[in-house]
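Student: My questions will all concern the structure given below.
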Amino acid sequence: MSNQVHFILDEAAALGHMPALDDAIDKYRGYGVRLQCYYQSLGQLKSCFPSDQGQTLLANCTRIFFGTTELQTAEFISKSCGNETIIVESGGHNSGWSRNRGSSSGSGYSESSGSSTSGGSSNNWQQQTRELLKPEEIIALDPRIAITLTAGVRPIWTRLVRYYEDKSLFKRRGFLARLAAAVWTLFLSAALLASASAAARALTSEFHDAFGQQQQPMPPATYQPQPWLTPR
């Protein structure tokens, strides 16, 4: 669709289980709804989707992992990356040396001696399967290394770059030009953050107002005696 609505759900685990998210993932994709959900671990994701443990979300999204320190999540990443075929080499080398000497005595004298040397080596190659990344290797990765898993594409290894580390900022000639580019980038980032915060406050205030009206208690009922029931 030409018009799309993007939802950025940072610390999505704080929202808990919301049926609206289930509908957005399962039904609203065709209406231009796009979600970015951020979870600290796979355990948080499963707790927010108790019905299917988050499998519907994982099957309909691009998964990006970085800074993984939890074993369950690392095992999931390792299995998702799959295996590779490696060549294992084995063999050995041996060598030896021997010497013998003999003598005899009697009416005559004779002596014999000899030596021999032997050696050999062998090399063998064998194909074996291995995880592309083991869980312990994933946990030991640099926190700024991101692994992206998307359908139909091999796992992608990228490095996260902060906005002020963008190479385009340093391609400008002159200190003032680079400084101006850095300041402009910082200004745009601050403006986006301020606008997002203002929108979040407005939505939160509107939600509280609507929720407060729904939860407003009904006034207590008063009894109005009928004229014919009024005691004289």
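Labels for the structure tokens follow display order: chains A, B, ..., residues from 1 in each chain, ligands from 1.
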Write out as a ChimeraX atom specification all residues of segment 11-208 of chain A that DSSP puts in strand (DSSP E or B) for this structure's backbone.

Tutor: /A:33-37,63-66,83-104,110-131,145-149,156-159

Student: Which residues, written as JSON, numbers by chain, have at least one atom at most 7 Å from segment 69-78 of chain A, with only C-alpha atoms counted and residues fewer than 5 positions away on the same chain left out?

Tutor: {"A": [41, 42, 131, 133, 134, 135, 138, 139]}

Student: Just checking: using only C-alpha atoms, which residue out of A:Leu186, A:Ala140, A:Leu58, A:Leu132 ends up closest to Ile156 of chain A?

Tutor: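 Closest candidate: A:Leu132.
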
Student: Return the single residue from A:Ser116, A:Ser121, A:Gln44, A:Asn3 that is closest to Gly32 of chain A, with distances computed using only C-alpha atoms.

Tutor: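 Nearest to Gly32 of chain A: A:Asn3.
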
Student: Near segment 19-25 of chain A, within 12 Å and counting only C-alpha atoms, which residues show up once chain neighbours fewer than 4 positions away are dropped, as a PDB file with N, CA and C atoms, in the first residue's frame?

Tutor:
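Full text of around28.pdb as output:
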ATOM      1  N   VAL A   5       1.598   2.848   8.111  1.00  0.00           N
ATOM      2  CA  VAL A   5       1.711   3.372   9.468  1.00  0.00           C
ATOM      3  C   VAL A   5       2.721   2.504  10.214  1.00  0.00           C
ATOM      4  N   HIS A   6       3.762   3.128  10.724  1.00  0.00           N
ATOM      5  CA  HIS A   6       4.821   2.408  11.430  1.00  0.00           C
ATOM      6  C   HIS A   6       4.653   2.631  12.935  1.00  0.00           C
ATOM      7  N   PHE A   7       4.649   1.542  13.677  1.00  0.00           N
ATOM      8  CA  PHE A   7       4.601   1.582  15.132  1.00  0.00           C
ATOM      9  C   PHE A   7       5.953   1.118  15.668  1.00  0.00           C
ATOM     10  N   LEU A   9       7.674   0.031  19.003  1.00  0.00           N
ATOM     11  CA  LEU A   9       7.350  -0.412  20.361  1.00  0.00           C
ATOM     12  C   LEU A   9       8.646  -0.739  21.089  1.00  0.00           C
ATOM     13  N   ALA A  12       8.929  -3.404  24.425  1.00  0.00           N
ATOM     14  CA  ALA A  12       7.586  -3.935  24.168  1.00  0.00           C
ATOM     15  C   ALA A  12       7.125  -4.886  25.259  1.00  0.00           C
ATOM     16  N   ALA A  13       8.039  -5.455  26.016  1.00  0.00           N
ATOM     17  CA  ALA A  13       7.636  -6.373  27.086  1.00  0.00           C
ATOM     18  C   ALA A  13       6.826  -5.667  28.158  1.00  0.00           C
ATOM     19  N   LEU A  15       4.429  -3.729  27.704  1.00  0.00           N
ATOM     20  CA  LEU A  15       3.022  -3.704  27.311  1.00  0.00           C
ATOM     21  C   LEU A  15       2.293  -4.979  27.710  1.00  0.00           C
ATOM     22  N   ARG A  29      -1.452  -6.395   8.350  1.00  0.00           N
ATOM     23  CA  ARG A  29      -0.318  -6.173   7.445  1.00  0.00           C
ATOM     24  C   ARG A  29      -0.804  -5.713   6.079  1.00  0.00           C
ATOM     25  N   GLY A  30      -1.918  -6.273   5.632  1.00  0.00           N
ATOM     26  CA  GLY A  30      -2.457  -5.886   4.334  1.00  0.00           C
ATOM     27  C   GLY A  30      -3.033  -4.488   4.298  1.00  0.00           C
ATOM     28  N   TYR A  31      -3.192  -3.864   5.460  1.00  0.00           N
ATOM     29  CA  TYR A  31      -3.721  -2.503   5.531  1.00  0.00           C
ATOM     30  C   TYR A  31      -2.630  -1.467   5.772  1.00  0.00           C
ATOM     31  N   GLY A  32      -1.377  -1.869   5.625  1.00  0.00           N
ATOM     32  CA  GLY A  32      -0.284  -0.912   5.743  1.00  0.00           C
ATOM     33  C   GLY A  32       0.266  -0.727   7.136  1.00  0.00           C
ATOM     34  N   VAL A  33      -0.050  -1.612   8.070  1.00  0.00           N
ATOM     35  CA  VAL A  33       0.460  -1.492   9.436  1.00  0.00           C
ATOM     36  C   VAL A  33       1.803  -2.200   9.535  1.00  0.00           C
ATOM     37  N   ARG A  34       2.803  -1.514  10.034  1.00  0.00           N
ATOM     38  CA  ARG A  34       4.134  -2.070  10.227  1.00  0.00           C
ATOM     39  C   ARG A  34       4.547  -1.872  11.682  1.00  0.00           C
ATOM     40  N   LEU A  35       5.134  -2.896  12.265  1.00  0.00           N
ATOM     41  CA  LEU A  35       5.519  -2.867  13.670  1.00  0.00           C
ATOM     42  C   LEU A  35       7.023  -3.085  13.819  1.00  0.00           C
ATOM     43  N   GLN A  36       7.625  -2.350  14.742  1.00  0.00           N
ATOM     44  CA  GLN A  36       8.987  -2.602  15.184  1.00  0.00           C
ATOM     45  C   GLN A  36       8.929  -2.870  16.683  1.00  0.00           C
ATOM     46  N   CYS A  37       9.166  -4.113  17.058  1.00  0.00           N
ATOM     47  CA  CYS A  37       9.066  -4.528  18.455  1.00  0.00           C
ATOM     48  C   CYS A  37      10.462  -4.824  18.985  1.00  0.00           C
ATOM     49  N   CYS A  48       4.880 -12.403  26.459  1.00  0.00           N
ATOM     50  CA  CYS A  48       3.887 -11.483  25.897  1.00  0.00           C
ATOM     51  C   CYS A  48       2.941 -12.169  24.920  1.00  0.00           C
ATOM     52  N   PHE A  49       3.295 -13.347  24.443  1.00  0.00           N
ATOM     53  CA  PHE A  49       2.443 -14.102  23.523  1.00  0.00           C
ATOM     54  C   PHE A  49       2.281 -15.521  24.076  1.00  0.00           C
ATOM     55  N   PRO A  50       1.479 -15.688  25.132  1.00  0.00           N
ATOM     56  CA  PRO A  50       1.385 -16.998  25.779  1.00  0.00           C
ATOM     57  C   PRO A  50       0.710 -18.053  24.919  1.00  0.00           C
ATOM     58  N   SER A  51      -0.111 -17.654  23.947  1.00  0.00           N
ATOM     59  CA  SER A  51      -0.853 -18.648  23.178  1.00  0.00           C
ATOM     60  C   SER A  51       0.058 -19.477  22.278  1.00  0.00           C
ATOM     61  N   ASP A  52       0.966 -18.828  21.554  1.00  0.00           N
ATOM     62  CA  ASP A  52       1.852 -19.556  20.632  1.00  0.00           C
ATOM     63  C   ASP A  52       3.324 -19.274  20.877  1.00  0.00           C
ATOM     64  N   GLN A  53       3.645 -18.683  22.054  1.00  0.00           N
ATOM     65  CA  GLN A  53       5.045 -18.415  22.423  1.00  0.00           C
ATOM     66  C   GLN A  53       5.740 -17.493  21.421  1.00  0.00           C
ATOM     67  N   GLY A  54       4.973 -16.634  20.754  1.00  0.00           N
ATOM     68  CA  GLY A  54       5.564 -15.657  19.840  1.00  0.00           C
ATOM     69  C   GLY A  54       5.938 -16.206  18.483  1.00  0.00           C
ATOM     70  N   GLN A  55       5.505 -17.422  18.149  1.00  0.00           N
ATOM     71  CA  GLN A  55       5.881 -18.014  16.867  1.00  0.00           C
ATOM     72  C   GLN A  55       5.270 -17.257  15.697  1.00  0.00           C
ATOM     73  N   THR A  56       4.050 -16.733  15.861  1.00  0.00           N
ATOM     74  CA  THR A  56       3.422 -15.967  14.775  1.00  0.00           C
ATOM     75  C   THR A  56       4.218 -14.710  14.470  1.00  0.00           C
ATOM     76  N   LEU A  57       4.675 -14.029  15.498  1.00  0.00           N
ATOM     77  CA  LEU A  57       5.485 -12.831  15.292  1.00  0.00           C
ATOM     78  C   LEU A  57       6.812 -13.169  14.633  1.00  0.00           C
ATOM     79  N   LEU A  58       7.482 -14.220  15.107  1.00  0.00           N
ATOM     80  CA  LEU A  58       8.785 -14.583  14.552  1.00  0.00           C
ATOM     81  C   LEU A  58       8.672 -15.043  13.101  1.00  0.00           C
ATOM     82  N   ALA A  59       7.535 -15.610  12.725  1.00  0.00           N
ATOM     83  CA  ALA A  59       7.364 -16.100  11.364  1.00  0.00           C
ATOM     84  C   ALA A  59       6.992 -15.000  10.385  1.00  0.00           C
ATOM     85  N   ASN A  60       6.646 -13.822  10.865  1.00  0.00           N
ATOM     86  CA  ASN A  60       6.176 -12.746   9.985  1.00  0.00           C
ATOM     87  C   ASN A  60       7.016 -11.488  10.116  1.00  0.00           C
ATOM     88  N   CYS A  61       8.268 -11.639  10.484  1.00  0.00           N
ATOM     89  CA  CYS A  61       9.089 -10.445  10.680  1.00  0.00           C
ATOM     90  C   CYS A  61      10.534 -10.745  10.330  1.00  0.00           C
TER      91      CYS A  61
END

Student: Name all residues at most 10 Å from Pro143 of chain A (count only C-alpha atoms; drop same-chain ones fewer than 5 positions away) and give them as a VMD selection string.

Tutor: chain A and resid 65 to 69 138 159 to 160

Student: At what distance in Å, to one decimal, does atom CA of Ser80 of chain A lie from atom CA of Thr62 of chain A?

Tutor: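 One can read the atom CA of Thr62 of chain A to atom CA of Ser80 of chain A distance as 12.2 Å.
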
Student: Could you jot down the atom CA of Ala14 of chain A to atom CA of Thr204 of chain A separation for me, Å, one decimal place?

Tutor: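 Computed distance, atom CA of Ala14 of chain A to atom CA of Thr204 of chain A, equals 14.8 Å.
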